[in-house]
Each structure stands twice: as C-alpha cells, then as structure tokens.
file protein_22.cif (mmCIF, C-alpha atoms)
data_work
loop_
_atom_site.group_PDB
_atom_site.id
_atom_site.type_symbol
_atom_site.label_atom_id
_atom_site.label_comp_id
_atom_site.auth_asym_id
_atom_site.auth_seq_id
_atom_site.Cartn_x
_atom_site.Cartn_y
_atom_site.Cartn_z
ATOM 1 C CA MET A 1446 -1.658 20.079 9.799
ATOM 2 C CA SER A 1447 -2.590 16.393 9.661
ATOM 3 C CA MET A 1448 0.007 13.861 8.579
ATOM 4 C CA SER A 1449 -0.709 11.355 5.851
ATOM 5 C CA HIS A 1450 -0.246 7.668 6.611
ATOM 6 C CA LYS A 1451 -0.207 4.733 4.221
ATOM 7 C CA VAL A 1452 -2.075 1.737 5.653
ATOM 8 C CA ALA A 1453 -1.564 -1.768 4.284
ATOM 9 C CA VAL A 1454 -4.787 -3.750 4.598
ATOM 10 C CA LEU A 1455 -4.617 -7.535 4.895
ATOM 11 C CA VAL A 1456 -7.998 -9.227 4.457
ATOM 12 C CA GLY A 1457 -8.110 -12.807 5.687
ATOM 13 C CA SER A 1458 -10.993 -13.860 3.438
ATOM 14 C CA LEU A 1459 -10.441 -14.810 -0.190
ATOM 15 C CA ARG A 1460 -14.136 -15.039 -1.094
ATOM 16 C CA LYS A 1461 -15.143 -12.756 -3.979
ATOM 17 C CA ASP A 1462 -18.077 -11.286 -2.029
ATOM 18 C CA SER A 1463 -16.237 -11.308 1.287
ATOM 19 C CA PHE A 1464 -17.913 -9.406 4.114
ATOM 20 C CA ASN A 1465 -14.417 -8.803 5.479
ATOM 21 C CA ARG A 1466 -13.373 -7.024 2.287
ATOM 22 C CA LYS A 1467 -16.590 -4.979 2.341
ATOM 23 C CA ILE A 1468 -15.957 -3.938 5.949
ATOM 24 C CA ALA A 1469 -12.359 -3.022 5.044
ATOM 25 C CA ASP A 1470 -13.740 -0.889 2.188
ATOM 26 C CA ALA A 1471 -16.293 0.682 4.538
ATOM 27 C CA ILE A 1472 -13.555 1.643 7.010
ATOM 28 C CA ALA A 1473 -11.531 3.239 4.217
ATOM 29 C CA ALA A 1474 -14.615 5.141 3.030
ATOM 30 C CA VAL A 1475 -15.252 6.786 6.409
ATOM 31 C CA ALA A 1476 -11.631 7.201 7.531
ATOM 32 C CA PRO A 1477 -9.960 10.569 8.010
ATOM 33 C CA ALA A 1478 -8.492 12.033 4.828
ATOM 34 C CA GLY A 1479 -4.946 11.501 6.121
ATOM 35 C CA LEU A 1480 -5.216 7.714 5.890
ATOM 36 C CA ALA A 1481 -4.526 6.063 2.532
ATOM 37 C CA PHE A 1482 -5.605 2.412 2.499
ATOM 38 C CA GLU A 1483 -4.148 -0.210 0.161
ATOM 39 C CA GLN A 1484 -5.468 -3.761 0.215
ATOM 40 C CA ILE A 1485 -2.555 -6.086 -0.396
ATOM 41 C CA PRO A 1486 -3.548 -9.443 -1.901
ATOM 42 C CA ILE A 1487 -2.383 -12.496 0.031
ATOM 43 C CA GLY A 1488 -4.096 -15.362 -1.804
ATOM 44 C CA ASP A 1489 -1.252 -16.020 -4.237
ATOM 45 C CA LEU A 1490 1.598 -16.092 -1.728
ATOM 46 C CA PRO A 1491 3.370 -19.464 -1.836
ATOM 47 C CA PHE A 1492 3.287 -21.191 1.543
ATOM 48 C CA TYR A 1493 6.205 -20.172 3.678
ATOM 49 C CA ASN A 1494 9.004 -22.728 3.452
ATOM 50 C CA GLN A 1495 12.435 -21.855 4.791
ATOM 51 C CA ASP A 1496 14.008 -23.884 1.965
ATOM 52 C CA LEU A 1497 12.788 -21.173 -0.448
ATOM 53 C CA GLU A 1498 14.438 -18.424 1.619
ATOM 54 C CA THR A 1499 17.458 -18.091 -0.657
ATOM 55 C CA ASP A 1500 19.085 -15.159 -2.438
ATOM 56 C CA SER A 1501 16.109 -15.393 -4.817
ATOM 57 C CA PRO A 1502 12.961 -16.058 -2.759
ATOM 58 C CA PRO A 1503 9.636 -16.332 -4.604
ATOM 59 C CA LYS A 1504 8.747 -13.131 -6.443
ATOM 60 C CA GLN A 1505 5.375 -12.952 -4.643
ATOM 61 C CA TRP A 1506 7.167 -12.935 -1.275
ATOM 62 C CA THR A 1507 9.509 -10.154 -2.331
ATOM 63 C CA GLU A 1508 6.678 -7.986 -3.691
ATOM 64 C CA PHE A 1509 4.545 -8.581 -0.593
ATOM 65 C CA ARG A 1510 7.408 -7.710 1.739
ATOM 66 C CA GLN A 1511 8.174 -4.526 -0.194
ATOM 67 C CA ARG A 1512 4.547 -3.377 -0.042
ATOM 68 C CA ILE A 1513 4.293 -3.993 3.701
ATOM 69 C CA LYS A 1514 7.653 -2.325 4.293
ATOM 70 C CA ALA A 1515 6.443 0.785 2.405
ATOM 71 C CA ALA A 1516 3.362 1.100 4.647
ATOM 72 C CA ASP A 1517 3.224 3.148 7.826
ATOM 73 C CA ALA A 1518 0.726 0.814 9.507
ATOM 74 C CA VAL A 1519 -1.225 -2.404 8.960
ATOM 75 C CA LEU A 1520 -4.950 -3.069 9.301
ATOM 76 C CA PHE A 1521 -5.895 -6.732 9.659
ATOM 77 C CA VAL A 1522 -9.499 -7.626 8.780
ATOM 78 C CA THR A 1523 -10.267 -11.274 9.354
ATOM 79 C CA PRO A 1524 -12.967 -13.873 9.654
ATOM 80 C CA GLU A 1525 -12.703 -16.631 12.232
ATOM 81 C CA TYR A 1526 -11.958 -20.197 11.192
ATOM 82 C CA ASN A 1527 -11.961 -22.742 14.017
ATOM 83 C CA ARG A 1528 -11.355 -20.048 16.674
ATOM 84 C CA SER A 1529 -8.317 -18.716 14.805
ATOM 85 C CA VAL A 1530 -7.332 -16.819 11.681
ATOM 86 C CA PRO A 1531 -7.546 -18.350 8.208
ATOM 87 C CA ALA A 1532 -4.434 -20.143 6.953
ATOM 88 C CA VAL A 1533 -3.979 -17.587 4.170
ATOM 89 C CA LEU A 1534 -3.586 -14.776 6.712
ATOM 90 C CA LYS A 1535 -1.246 -16.801 8.922
ATOM 91 C CA ASN A 1536 0.861 -17.569 5.846
ATOM 92 C CA ALA A 1537 1.069 -13.860 4.956
ATOM 93 C CA ILE A 1538 2.233 -13.115 8.489
ATOM 94 C CA ASP A 1539 4.856 -15.864 8.260
ATOM 95 C CA VAL A 1540 6.098 -14.624 4.877
ATOM 96 C CA GLY A 1541 6.382 -11.030 6.102
ATOM 97 C CA SER A 1542 8.090 -11.962 9.355
ATOM 98 C CA ARG A 1543 10.915 -13.922 7.729
ATOM 99 C CA PRO A 1544 13.809 -14.331 7.412
ATOM 100 C CA TYR A 1545 14.192 -14.183 11.173
ATOM 101 C CA GLY A 1546 15.340 -10.745 12.290
ATOM 102 C CA LYS A 1547 14.145 -9.041 9.101
ATOM 103 C CA SER A 1548 10.402 -8.826 9.708
ATOM 104 C CA VAL A 1549 8.690 -6.151 7.617
ATOM 105 C CA PHE A 1550 6.080 -5.878 10.381
ATOM 106 C CA ASP A 1551 8.516 -4.849 13.123
ATOM 107 C CA GLY A 1552 7.325 -1.740 14.955
ATOM 108 C CA LYS A 1553 4.443 -0.947 12.607
ATOM 109 C CA PRO A 1554 1.241 0.217 14.312
ATOM 110 C CA ALA A 1555 -1.603 -2.223 13.731
ATOM 111 C CA ALA A 1556 -5.318 -2.644 14.248
ATOM 112 C CA VAL A 1557 -7.486 -5.758 14.137
ATOM 113 C CA VAL A 1558 -11.065 -6.060 12.953
ATOM 114 C CA SER A 1559 -12.820 -9.417 13.052
ATOM 115 C CA VAL A 1560 -15.944 -9.934 10.966
ATOM 116 C CA SER A 1561 -18.417 -12.776 11.274
ATOM 117 C CA MET A 1562 -21.822 -13.900 10.102
ATOM 118 C CA GLY A 1563 -22.502 -15.080 13.655
ATOM 119 C CA ASN A 1564 -22.977 -13.416 17.023
ATOM 120 C CA ILE A 1565 -19.490 -14.102 18.404
ATOM 121 C CA ALA A 1566 -18.027 -11.709 15.811
ATOM 122 C CA GLY A 1567 -14.726 -13.484 15.354
ATOM 123 C CA PHE A 1568 -13.677 -12.937 18.971
ATOM 124 C CA GLY A 1569 -11.342 -15.966 18.925
ATOM 125 C CA ALA A 1570 -9.606 -14.951 15.696
ATOM 126 C CA ASN A 1571 -9.224 -11.373 16.895
ATOM 127 C CA HIS A 1572 -7.448 -12.394 20.087
ATOM 128 C CA HIS A 1573 -5.414 -15.171 18.503
ATOM 129 C CA LEU A 1574 -4.131 -12.704 15.903
ATOM 130 C CA ARG A 1575 -3.238 -10.209 18.626
ATOM 131 C CA GLN A 1576 -0.984 -12.858 20.215
ATOM 132 C CA SER A 1577 0.993 -13.144 16.978
ATOM 133 C CA LEU A 1578 1.226 -9.367 16.635
ATOM 134 C CA VAL A 1579 2.799 -9.089 20.090
ATOM 135 C CA PHE A 1580 5.589 -11.408 18.946
ATOM 136 C CA LEU A 1581 5.982 -9.382 15.741
ATOM 137 C CA ASN A 1582 6.534 -6.238 17.843
ATOM 138 C CA MET A 1583 3.502 -4.507 16.368
ATOM 139 C CA PRO A 1584 1.845 -2.060 18.755
ATOM 140 C CA VAL A 1585 -1.866 -2.849 18.373
ATOM 141 C CA LEU A 1586 -4.744 -0.399 18.853
ATOM 142 C CA GLN A 1587 -6.455 -1.510 22.054
ATOM 143 C CA GLN A 1588 -9.620 0.612 21.979
ATOM 144 C CA PRO A 1589 -12.041 0.574 20.424
ATOM 145 C CA GLU A 1590 -12.022 -3.163 19.895
ATOM 146 C CA ALA A 1591 -13.662 -4.106 16.597
ATOM 147 C CA TYR A 1592 -15.801 -7.231 16.502
ATOM 148 C CA ILE A 1593 -18.328 -7.009 13.668
ATOM 149 C CA ALA A 1594 -21.123 -9.560 14.166
ATOM 150 C CA ASN A 1595 -23.982 -10.511 11.839
ATOM 151 C CA ALA A 1596 -22.100 -9.054 8.874
ATOM 152 C CA GLY A 1597 -24.607 -10.393 6.389
ATOM 153 C CA SER A 1598 -27.281 -8.033 7.667
ATOM 154 C CA LEU A 1599 -24.995 -4.985 7.795
ATOM 155 C CA ILE A 1600 -24.031 -4.804 4.128
ATOM 156 C CA ASN A 1601 -26.397 -3.786 1.321
ATOM 157 C CA GLU A 1602 -26.106 -6.573 -1.269
ATOM 158 C CA SER A 1603 -26.561 -4.317 -4.293
ATOM 159 C CA THR A 1604 -24.233 -1.467 -3.238
ATOM 160 C CA GLY A 1605 -21.795 -3.361 -0.994
ATOM 161 C CA LYS A 1606 -22.036 -0.478 1.492
ATOM 162 C CA VAL A 1607 -22.805 -0.573 5.209
ATOM 163 C CA GLN A 1608 -26.528 0.016 5.582
ATOM 164 C CA ASN A 1609 -26.619 0.352 9.342
ATOM 165 C CA ASP A 1610 -26.025 3.895 10.667
ATOM 166 C CA ALA A 1611 -24.757 2.706 14.052
ATOM 167 C CA THR A 1612 -22.192 0.426 12.394
ATOM 168 C CA GLU A 1613 -21.049 3.185 10.055
ATOM 169 C CA LYS A 1614 -20.658 5.527 13.026
ATOM 170 C CA PHE A 1615 -18.666 2.855 14.885
ATOM 171 C CA LEU A 1616 -16.390 2.255 11.871
ATOM 172 C CA ARG A 1617 -15.795 6.011 11.551
ATOM 173 C CA GLY A 1618 -14.818 6.222 15.228
ATOM 174 C CA PHE A 1619 -12.589 3.171 14.836
ATOM 175 C CA ALA A 1620 -10.816 4.730 11.831
ATOM 176 C CA GLU A 1621 -10.342 8.014 13.701
ATOM 177 C CA ALA A 1622 -8.862 6.180 16.699
ATOM 178 C CA PHE A 1623 -6.558 4.206 14.383
ATOM 179 C CA ASP A 1624 -5.414 7.444 12.728
ATOM 180 C CA LYS A 1625 -4.533 8.925 16.137
ATOM 181 C CA TRP A 1626 -2.833 5.648 17.143
ATOM 182 C CA ILE A 1627 -0.652 5.676 14.034
ATOM 183 C CA GLY A 1628 0.303 9.308 14.688
ATOM 184 C CA LYS A 1629 1.174 8.510 18.287
ATOM 185 C CA ILE A 1630 3.384 5.539 17.362
ATOM 186 C CA ARG A 1631 4.948 6.987 14.214
ATOM 187 C CA GLY A 1632 5.438 10.436 15.758
#
call {"tool": "encode", "arguments": {"input": "protein_22.cif", "output": "structure tokens"}}
result
Amino acid sequence: MSMSHKVAVLVGSLRKDSFNRKIADAIAAVAPAGLAFEQIPIGDLPFYNQDLETDSPPKQWTEFRQRIKAADAVLFVTPEYNRSVPAVLKNAIDVGSRPYGKSVFDGKPAAVVSVSMGNIAGFGANHHLRQSLVFLNMPVLQQPEAYIANAGSLINESTGKVQNDATEKFLRGFAEAFDKWIGKIRG
C-alpha cells in the first residue's frame, strides 16, 4: 500500500504565465497518485524583518508557516536571477526559517527544479538554493537533478502542457524518485 504525502510547492517566479509554474503543474500531473501537490503563494509575504517577529507577526507569515508545517515535503521550482534565486523565494525561505530554532522547514524532504529560457537551465540558482537547504536541515533529493532548459519551447502556449515527450518522461521519473525519497525520509 502506497502512502500519501502532501507536498508544498514554492514557485520562485511571480509572472502570470511563468514557465516555472507550468513545469510545477506538469510535475504534479505526471506524479504518482500518492503525492498531493499544493502551490503555496509567496508573492504577498512581507519582507522578513525581525522587528515584526512579535507575539503577533504578520498574518501572511503565520498562514505561510502553517501551510509549510502541514506539508510532508517541499518542492522548490525556481528561475535563476543573477546566478541565484529570486528575492521572493529567498524571502519565503527566511520567513519560514524564523524565528531562529523554529523553522517550519526543519527535516522536511525537499527537491529542487530550476527552469530557464536559456541553455544553462538555472544551474546557479539550483545549487545556490541547495546551499540554503543544507542549513535548513532539509534532506534534498540528489538524483535525478532537474535543470529544465529552453522552457519556452517545451510548453504548448495554448494548453500550458509539456509538449515534449522526453521532457514529460523525465518529469515523471523525477516525480517518482521524489515520491520514493519522501517515503525514505518520512518512513
């Protein structure tokens, strides 16, 4: 009997027609039935400021933290900005990891997918994010690595679906490996 796992999905792109969001949707569409994906919005989180970390932190922080805490695992899907992750994703990580010692990310299995219009496929962002996840004590899926290059040619503009069979097959394999990874870590 397969276990069911709730996966919080954090997409580092805020663009309405984001290729990152479409790839996140494509992963969810081909994932094993035991994985339930929930994209958690991060665009409205106030910037992390320790002065706001009082008995009544911003409502958006509290809701975000509760949603991450309720998840069994986290999938990060990100573009690359200046060889790193977008500020909105870094802010979400900072919000979830505070106050110090109460990180909602602690021990949660994670996976990273970087998506790019170019050939480098967000390699820098992928590895920079992994450095942060080590500090957050998040065991990260090592293989298969997921660098999605030339995203603009992979997605059908009218349907929003992956139109490349090899990419769909890769995403399916990635989702299956992530499912096994979650099961291994969560027991």
call {"tool": "resolve_selection", "arguments": {"input": "protein_22.cif", "expression": "the PyMOL selection byres ((chain A and resi 1586-1595) around 10)", "output": "VMD selection string"}}
result
chain A and resid 1464 to 1465 1468 1520 1522 to 1524 1554 to 1568 1570 to 1571 1575 1583 to 1585 1596 to 1600 1612 1615 to 1616 1618 to 1620 1622 to 1627
call {"tool": "resolve_selection", "arguments": {"input": "protein_22.cif", "expression": "the PyMOL selection byres ((chain A and resi 1543-1548) around 10)", "output": "JSON list (two decimals) with C-alpha atoms, in the frame of the given file"}}
result
[["chain", "number", "residue", "atom", "x", "y", "z"],
["A", 1493, "TYR", "CA", 6.20, -20.17, 3.68],
["A", 1494, "ASN", "CA", 9.00, -22.73, 3.45],
["A", 1495, "GLN", "CA", 12.44, -21.86, 4.79],
["A", 1498, "GLU", "CA", 14.44, -18.42, 1.62],
["A", 1499, "THR", "CA", 17.46, -18.09, -0.66],
["A", 1506, "TRP", "CA", 7.17, -12.94, -1.27],
["A", 1510, "ARG", "CA", 7.41, -7.71, 1.74],
["A", 1513, "ILE", "CA", 4.29, -3.99, 3.70],
["A", 1514, "LYS", "CA", 7.65, -2.33, 4.29],
["A", 1538, "ILE", "CA", 2.23, -13.12, 8.49],
["A", 1539, "ASP", "CA", 4.86, -15.86, 8.26],
["A", 1540, "VAL", "CA", 6.10, -14.62, 4.88],
["A", 1541, "GLY", "CA", 6.38, -11.03, 6.10],
["A", 1542, "SER", "CA", 8.09, -11.96, 9.36],
["A", 1549, "VAL", "CA", 8.69, -6.15, 7.62],
["A", 1550, "PHE", "CA", 6.08, -5.88, 10.38],
["A", 1551, "ASP", "CA", 8.52, -4.85, 13.12],
["A", 1552, "GLY", "CA", 7.32, -1.74, 14.96],
["A", 1581, "LEU", "CA", 5.98, -9.38, 15.74],
["A", 1582, "ASN", "CA", 6.53, -6.24, 17.84]]
call {"tool": "atom_distance", "arguments": {"input": "protein_22.cif", "atom1": "atom CA of A:Glu1483", "atom2": "atom CA of A:Phe1509"}}
result
12.1 Å
call {"tool": "atom_distance", "arguments": {"input": "protein_22.cif", "atom1": "atom CA of A:Val1579", "atom2": "atom CA of A:Asp1496"}}
result
25.9 Å
call {"tool": "residues_around", "arguments": {"input": "protein_22.cif", "residues": "A:Leu1490", "least_positions_apart": "5", "cutoff": "8 Å", "atoms": "all atoms listed in the file", "output": "ChimeraX atom specification"}}
result
/A:1505-1506,1536-1537
call {"tool": "axis_aligned_box", "arguments": {"input": "protein_22.cif", "around": "stretch 1479-1494 of chain A", "padding_each_side": "4 Å", "output": "lines of an AutoDock Vina configuration file"}}
result
center_x = 1.7
center_y = -5.6
center_z = 0.9
size_x = 22.6
size_y = 42.2
size_z = 18.4
call {"tool": "closest_residue", "arguments": {"input": "protein_22.cif", "among": "A:Phe1580, A:Asp1462, A:Val1530, A:His1572", "to": "A:Ser1603", "atoms": "only C-alpha atoms"}}
result
A:Asp1462
call {"tool": "closest_residue", "arguments": {"input": "protein_22.cif", "among": "A:Pro1502, A:Pro1491, A:Gly1457, A:Pro1477", "to": "A:Glu1525", "atoms": "only C-alpha atoms"}}
result
A:Gly1457
call {"tool": "decode", "arguments": {"input": "protein_22.cif", "residues": "stretch 1469-1559 of chain A", "atoms": "C-alpha atoms", "output": "PDB file, in the first residue's frame"}}
result
ATOM      1  CA  ALA A1469       5.425  22.615 -11.398  1.00  0.00           C
ATOM      2  CA  ASP A1470       1.944  21.833 -12.770  1.00  0.00           C
ATOM      3  CA  ALA A1471       3.429  19.342 -15.239  1.00  0.00           C
ATOM      4  CA  ILE A1472       5.257  17.520 -12.434  1.00  0.00           C
ATOM      5  CA  ALA A1473       2.043  17.307 -10.417  1.00  0.00           C
ATOM      6  CA  ALA A1474       0.181  15.982 -13.468  1.00  0.00           C
ATOM      7  CA  VAL A1475       2.560  13.053 -14.003  1.00  0.00           C
ATOM      8  CA  ALA A1476       3.389  12.320 -10.353  1.00  0.00           C
ATOM      9  CA  PRO A1477       2.403   9.116  -8.585  1.00  0.00           C
ATOM     10  CA  ALA A1478      -1.106   9.169  -7.133  1.00  0.00           C
ATOM     11  CA  GLY A1479       0.276   9.221  -3.581  1.00  0.00           C
ATOM     12  CA  LEU A1480       1.656  12.745  -3.955  1.00  0.00           C
ATOM     13  CA  ALA A1481      -0.701  15.674  -3.368  1.00  0.00           C
ATOM     14  CA  PHE A1482       0.805  18.966  -4.546  1.00  0.00           C
ATOM     15  CA  GLU A1483      -0.222  22.370  -3.199  1.00  0.00           C
ATOM     16  CA  GLN A1484       1.322  25.528  -4.614  1.00  0.00           C
ATOM     17  CA  ILE A1485       1.731  27.986  -1.775  1.00  0.00           C
ATOM     18  CA  PRO A1486       1.779  31.631  -2.883  1.00  0.00           C
ATOM     19  CA  ILE A1487       4.809  33.627  -1.768  1.00  0.00           C
ATOM     20  CA  GLY A1488       4.353  36.943  -3.589  1.00  0.00           C
ATOM     21  CA  ASP A1489       2.409  38.650  -0.805  1.00  0.00           C
ATOM     22  CA  LEU A1490       4.704  37.753   2.084  1.00  0.00           C
ATOM     23  CA  PRO A1491       6.014  40.914   3.763  1.00  0.00           C
ATOM     24  CA  PHE A1492       9.806  41.061   3.691  1.00  0.00           C
ATOM     25  CA  TYR A1493      11.304  39.334   6.672  1.00  0.00           C
ATOM     26  CA  ASN A1494      12.159  41.836   9.397  1.00  0.00           C
ATOM     27  CA  GLN A1495      12.994  40.591  12.873  1.00  0.00           C
ATOM     28  CA  ASP A1496      11.273  43.667  14.342  1.00  0.00           C
ATOM     29  CA  LEU A1497       7.950  42.180  13.154  1.00  0.00           C
ATOM     30  CA  GLU A1498       8.665  38.871  14.913  1.00  0.00           C
ATOM     31  CA  THR A1499       6.447  39.619  17.901  1.00  0.00           C
ATOM     32  CA  ASP A1500       3.593  37.758  19.575  1.00  0.00           C
ATOM     33  CA  SER A1501       1.545  38.873  16.554  1.00  0.00           C
ATOM     34  CA  PRO A1502       3.706  38.514  13.424  1.00  0.00           C
ATOM     35  CA  PRO A1503       2.159  39.431  10.063  1.00  0.00           C
ATOM     36  CA  LYS A1504      -0.849  37.271   9.229  1.00  0.00           C
ATOM     37  CA  GLN A1505       0.724  36.246   5.894  1.00  0.00           C
ATOM     38  CA  TRP A1506       3.766  34.875   7.743  1.00  0.00           C
ATOM     39  CA  THR A1507       1.630  32.869  10.141  1.00  0.00           C
ATOM     40  CA  GLU A1508      -0.502  31.383   7.346  1.00  0.00           C
ATOM     41  CA  PHE A1509       2.569  30.556   5.252  1.00  0.00           C
ATOM     42  CA  ARG A1510       4.308  28.879   8.176  1.00  0.00           C
ATOM     43  CA  GLN A1511       1.214  26.824   8.994  1.00  0.00           C
ATOM     44  CA  ARG A1512       0.885  25.604   5.402  1.00  0.00           C
ATOM     45  CA  ILE A1513       4.542  24.585   5.196  1.00  0.00           C
ATOM     46  CA  LYS A1514       4.365  22.929   8.610  1.00  0.00           C
ATOM     47  CA  ALA A1515       1.351  20.861   7.452  1.00  0.00           C
ATOM     48  CA  ALA A1516       3.268  19.538   4.419  1.00  0.00           C
ATOM     49  CA  ASP A1517       5.294  16.343   4.390  1.00  0.00           C
ATOM     50  CA  ALA A1518       7.810  17.676   1.860  1.00  0.00           C
ATOM     51  CA  VAL A1519       8.672  20.764  -0.186  1.00  0.00           C
ATOM     52  CA  LEU A1520       9.277  21.106  -3.921  1.00  0.00           C
ATOM     53  CA  PHE A1521      11.143  24.250  -4.957  1.00  0.00           C
ATOM     54  CA  VAL A1522      10.737  25.315  -8.599  1.00  0.00           C
ATOM     55  CA  THR A1523      12.792  28.360  -9.455  1.00  0.00           C
ATOM     56  CA  PRO A1524      14.167  30.507 -12.218  1.00  0.00           C
ATOM     57  CA  GLU A1525      17.663  31.937 -11.984  1.00  0.00           C
ATOM     58  CA  TYR A1526      18.212  35.631 -11.353  1.00  0.00           C
ATOM     59  CA  ASN A1527      21.844  36.756 -11.376  1.00  0.00           C
ATOM     60  CA  ARG A1528      23.123  33.216 -10.652  1.00  0.00           C
ATOM     61  CA  SER A1529      20.854  32.888  -7.612  1.00  0.00           C
ATOM     62  CA  VAL A1530      17.218  32.507  -6.631  1.00  0.00           C
ATOM     63  CA  PRO A1531      14.710  35.346  -6.945  1.00  0.00           C
ATOM     64  CA  ALA A1532      14.309  37.598  -3.904  1.00  0.00           C
ATOM     65  CA  VAL A1533      10.709  36.461  -3.429  1.00  0.00           C
ATOM     66  CA  LEU A1534      11.835  32.856  -2.917  1.00  0.00           C
ATOM     67  CA  LYS A1535      14.681  33.841  -0.594  1.00  0.00           C
ATOM     68  CA  ASN A1536      12.201  35.894   1.438  1.00  0.00           C
ATOM     69  CA  ALA A1537       9.836  32.908   1.731  1.00  0.00           C
ATOM     70  CA  ILE A1538      12.725  30.788   2.975  1.00  0.00           C
ATOM     71  CA  ASP A1539      13.660  33.461   5.518  1.00  0.00           C
ATOM     72  CA  VAL A1540      10.064  33.794   6.735  1.00  0.00           C
ATOM     73  CA  GLY A1541       9.666  30.029   7.136  1.00  0.00           C
ATOM     74  CA  SER A1542      13.002  29.564   8.874  1.00  0.00           C
ATOM     75  CA  ARG A1543      12.337  32.113  11.618  1.00  0.00           C
ATOM     76  CA  PRO A1544      12.209  32.709  14.494  1.00  0.00           C
ATOM     77  CA  TYR A1545      15.558  31.009  14.944  1.00  0.00           C
ATOM     78  CA  GLY A1546      15.124  27.458  16.204  1.00  0.00           C
ATOM     79  CA  LYS A1547      11.519  27.211  15.000  1.00  0.00           C
ATOM     80  CA  SER A1548      11.996  26.643  11.275  1.00  0.00           C
ATOM     81  CA  VAL A1549       8.983  25.040   9.600  1.00  0.00           C
ATOM     82  CA  PHE A1550      11.388  23.551   7.046  1.00  0.00           C
ATOM     83  CA  ASP A1551      13.435  21.544   9.556  1.00  0.00           C
ATOM     84  CA  GLY A1552      13.798  17.917   8.480  1.00  0.00           C
ATOM     85  CA  LYS A1553      11.347  18.091   5.581  1.00  0.00           C
ATOM     86  CA  PRO A1554      12.420  16.218   2.441  1.00  0.00           C
ATOM     87  CA  ALA A1555      12.928  18.587  -0.477  1.00  0.00           C
ATOM     88  CA  ALA A1556      13.590  18.634  -4.193  1.00  0.00           C
ATOM     89  CA  VAL A1557      14.806  21.438  -6.444  1.00  0.00           C
ATOM     90  CA  VAL A1558      13.873  22.095 -10.050  1.00  0.00           C
ATOM     91  CA  SER A1559      15.380  25.043 -11.893  1.00  0.00           C
TER      92      SER A1559
END
